[in-house]
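Below is my_file.cif, holding mmCIF, N, CA and C atoms.
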```cif
data_entry
#
loop_
_atom_site.label_atom_id
_atom_site.label_comp_id
_atom_site.auth_asym_id
_atom_site.auth_seq_id
_atom_site.Cartn_x
_atom_site.Cartn_y
_atom_site.Cartn_z
N MET A 85 13.19 -11.33 -2.13
CA MET A 85 12.30 -10.62 -1.21
C MET A 85 10.87 -11.08 -1.52
N ASP A 86 10.09 -11.34 -0.48
CA ASP A 86 8.71 -11.77 -0.72
C ASP A 86 7.80 -10.57 -0.96
N ILE A 87 6.62 -10.85 -1.45
CA ILE A 87 5.68 -9.79 -1.83
C ILE A 87 5.34 -8.88 -0.66
N LEU A 88 5.11 -9.45 0.51
CA LEU A 88 4.76 -8.64 1.68
C LEU A 88 5.89 -7.67 2.03
N ALA A 89 7.12 -8.12 1.95
CA ALA A 89 8.26 -7.23 2.24
C ALA A 89 8.36 -6.12 1.19
N GLU A 90 8.08 -6.47 -0.06
CA GLU A 90 8.11 -5.45 -1.11
C GLU A 90 6.99 -4.43 -0.91
N LEU A 91 5.81 -4.92 -0.54
CA LEU A 91 4.69 -4.01 -0.24
C LEU A 91 5.02 -3.12 0.95
N GLN A 92 5.72 -3.69 1.93
CA GLN A 92 6.10 -2.92 3.12
C GLN A 92 6.90 -1.67 2.72
N LEU A 93 7.83 -1.84 1.80
CA LEU A 93 8.63 -0.71 1.33
C LEU A 93 7.75 0.35 0.67
N ILE A 94 6.78 -0.08 -0.11
CA ILE A 94 5.87 0.86 -0.78
C ILE A 94 5.01 1.58 0.25
N PHE A 95 4.48 0.86 1.23
CA PHE A 95 3.68 1.48 2.29
C PHE A 95 4.51 2.52 3.04
N HIS A 96 5.75 2.19 3.37
CA HIS A 96 6.62 3.14 4.07
C HIS A 96 6.77 4.42 3.27
N ASP A 97 6.96 4.28 1.98
CA ASP A 97 7.13 5.44 1.13
C ASP A 97 5.85 6.26 1.01
N VAL A 98 4.73 5.60 0.73
CA VAL A 98 3.46 6.30 0.50
C VAL A 98 2.96 6.97 1.78
N PHE A 99 3.03 6.27 2.90
CA PHE A 99 2.49 6.81 4.15
C PHE A 99 3.54 7.52 4.98
N ASP A 100 4.79 7.55 4.50
CA ASP A 100 5.88 8.24 5.18
C ASP A 100 5.96 7.85 6.65
N ASP A 101 5.93 6.52 6.87
CA ASP A 101 5.97 5.99 8.23
C ASP A 101 6.81 4.71 8.23
N GLU A 102 8.06 4.84 8.58
CA GLU A 102 8.99 3.71 8.58
C GLU A 102 8.68 2.70 9.69
N ASP A 103 7.89 3.09 10.67
CA ASP A 103 7.59 2.20 11.80
C ASP A 103 6.37 1.32 11.56
N PHE A 104 5.54 1.68 10.59
CA PHE A 104 4.33 0.91 10.34
C PHE A 104 4.69 -0.42 9.71
N VAL A 105 4.12 -1.49 10.26
CA VAL A 105 4.39 -2.84 9.76
C VAL A 105 3.09 -3.43 9.26
N ILE A 106 3.10 -3.91 8.01
CA ILE A 106 1.92 -4.57 7.48
C ILE A 106 2.11 -6.08 7.60
N ALA A 107 0.99 -6.78 7.68
CA ALA A 107 0.98 -8.23 7.75
C ALA A 107 -0.20 -8.73 6.94
N ASN A 108 -0.28 -10.01 6.73
CA ASN A 108 -1.41 -10.57 6.00
C ASN A 108 -2.73 -10.22 6.67
N GLU A 109 -2.70 -10.00 7.97
CA GLU A 109 -3.90 -9.70 8.74
C GLU A 109 -4.22 -8.21 8.83
N THR A 110 -3.38 -7.35 8.28
CA THR A 110 -3.57 -5.90 8.36
C THR A 110 -4.85 -5.50 7.62
N THR A 111 -5.64 -4.64 8.27
CA THR A 111 -6.88 -4.15 7.67
C THR A 111 -6.77 -2.65 7.43
N ALA A 112 -7.65 -2.13 6.62
CA ALA A 112 -7.66 -0.70 6.32
C ALA A 112 -7.87 0.13 7.58
N ASP A 113 -8.62 -0.39 8.54
CA ASP A 113 -8.88 0.34 9.78
C ASP A 113 -7.62 0.58 10.60
N GLN A 114 -6.59 -0.20 10.36
CA GLN A 114 -5.34 -0.07 11.12
C GLN A 114 -4.39 0.95 10.50
N ILE A 115 -4.76 1.50 9.37
CA ILE A 115 -3.88 2.43 8.67
C ILE A 115 -4.39 3.85 8.83
N GLU A 116 -3.57 4.68 9.49
CA GLU A 116 -3.94 6.09 9.62
C GLU A 116 -3.82 6.73 8.24
N ASP A 117 -4.52 7.81 8.04
CA ASP A 117 -4.50 8.53 6.76
C ASP A 117 -4.92 7.63 5.60
N ARG A 118 -5.93 6.82 5.84
CA ARG A 118 -6.36 5.89 4.79
C ARG A 118 -7.49 6.48 3.94
N ASP A 119 -7.49 7.78 3.80
CA ASP A 119 -8.50 8.41 2.95
C ASP A 119 -8.15 8.17 1.49
N SER A 120 -8.88 8.76 0.60
CA SER A 120 -8.77 8.42 -0.82
C SER A 120 -7.43 8.81 -1.46
N LEU A 121 -6.84 9.93 -1.08
CA LEU A 121 -5.59 10.34 -1.73
C LEU A 121 -4.45 9.35 -1.45
N PRO A 122 -4.19 8.98 -0.20
CA PRO A 122 -3.14 7.98 0.01
C PRO A 122 -3.47 6.63 -0.64
N HIS A 123 -4.74 6.29 -0.71
CA HIS A 123 -5.15 5.05 -1.37
C HIS A 123 -4.77 5.10 -2.84
N ILE A 124 -5.03 6.21 -3.48
CA ILE A 124 -4.68 6.38 -4.89
C ILE A 124 -3.16 6.35 -5.06
N ARG A 125 -2.45 7.03 -4.18
CA ARG A 125 -0.99 7.02 -4.24
C ARG A 125 -0.44 5.61 -4.07
N LEU A 126 -1.07 4.83 -3.20
CA LEU A 126 -0.65 3.45 -2.97
C LEU A 126 -0.85 2.62 -4.24
N VAL A 127 -2.01 2.74 -4.85
CA VAL A 127 -2.30 2.01 -6.09
C VAL A 127 -1.33 2.43 -7.19
N VAL A 128 -1.11 3.73 -7.32
CA VAL A 128 -0.20 4.25 -8.35
C VAL A 128 1.23 3.74 -8.13
N ALA A 129 1.63 3.54 -6.90
CA ALA A 129 2.97 3.03 -6.61
C ALA A 129 3.07 1.52 -6.83
N ILE A 130 2.00 0.80 -6.52
CA ILE A 130 2.01 -0.66 -6.63
C ILE A 130 1.96 -1.12 -8.08
N GLU A 131 1.15 -0.47 -8.89
CA GLU A 131 0.96 -0.92 -10.28
C GLU A 131 2.27 -1.06 -11.05
N PRO A 132 3.09 -0.03 -11.15
CA PRO A 132 4.32 -0.20 -11.94
C PRO A 132 5.34 -1.11 -11.25
N TYR A 133 5.37 -1.10 -9.93
CA TYR A 133 6.35 -1.92 -9.21
C TYR A 133 6.15 -3.40 -9.53
N PHE A 134 4.89 -3.82 -9.54
CA PHE A 134 4.58 -5.23 -9.81
C PHE A 134 4.14 -5.48 -11.25
N ALA A 135 4.20 -4.44 -12.08
CA ALA A 135 3.80 -4.54 -13.50
C ALA A 135 2.40 -5.11 -13.64
N ILE A 136 1.47 -4.52 -12.85
CA ILE A 136 0.06 -4.91 -12.91
C ILE A 136 -0.79 -3.68 -13.14
N LYS A 137 -2.03 -3.89 -13.49
CA LYS A 137 -2.97 -2.79 -13.67
C LYS A 137 -4.30 -3.19 -13.04
N PHE A 138 -4.75 -2.39 -12.08
CA PHE A 138 -6.05 -2.61 -11.46
C PHE A 138 -7.13 -2.00 -12.33
N VAL A 139 -8.27 -2.66 -12.40
CA VAL A 139 -9.42 -2.08 -13.08
C VAL A 139 -10.25 -1.34 -12.02
N PHE A 140 -11.02 -0.37 -12.47
CA PHE A 140 -11.75 0.49 -11.55
C PHE A 140 -12.57 -0.30 -10.52
N GLY A 141 -13.23 -1.36 -10.94
CA GLY A 141 -14.07 -2.16 -10.06
C GLY A 141 -13.30 -2.84 -8.93
N GLU A 142 -11.99 -3.03 -9.10
CA GLU A 142 -11.18 -3.67 -8.06
C GLU A 142 -10.77 -2.69 -6.98
N LEU A 143 -10.91 -1.43 -7.25
CA LEU A 143 -10.49 -0.42 -6.29
C LEU A 143 -11.65 -0.09 -5.42
#
```
Translate the structure of the given file into structure tokens.
Amino acid sequence: MDILAELQLIFHDVFDDEDFVIANETTADQIEDRDSLPHIRLVVAIEPYFAIKFVFGEL
């Protein structure tokens, strides 16, 4: 599975929207409920999945 497909699964879970499709061209403006809490939930879900850690300045 490629990274975009894996991210798609995480987005579906975090935003509870199975119909939303992300692409390389997807911007934050295209995501409903893109306030700070879902953003934090997204980061918290991505970090362990990909075994990475974001530093505060990257967020």
Long-range neighbours of Phe99 in chain A as a ChimeraX atom specification, 8 Å cut-off, only N, CA and C atoms, 3 positions minimum in chain: /A:93-96,102,116-117,122,125-126
I need the alpha helix (DSSP H) residues of chain A per DSSP on the backbone, written as a PyMOL selection string. chain A and resi 87-99+120-134
Separation of atom C of Val128 in chain A from atom N of Ala89 in chain A in Å: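 Interatomic distance here is 16.6 Å.
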Would you mind reading off the distance between atom C of Thr111 in chain A and atom N of Phe134 in chain A, one decimal, in Å?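 It comes out at 20.6 Å.
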Could you check how far atom C of Val98 in chain A sits from atom N of Val139 in chain A, in Å to one decimal?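 So the two atoms, atom C of Val98 in chain A and atom N of Val139 in chain A, lie 20.5 Å apart.
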Measuring atom to atom with only C-alpha atoms, identify which of A:Met85, A:Ile124, A:Ala129, A:Ile115 is nearest to Asp97 in chain A. A:Ala129
Any idea what's packed within 12 Å of Val127 in chain A, counting only C-alpha atoms, ignoring anything in its chain fewer than 4 positions away? Could you give it as a ChimeraX atom specification? /A:91,94-95,98,120-123,131-140,142-143
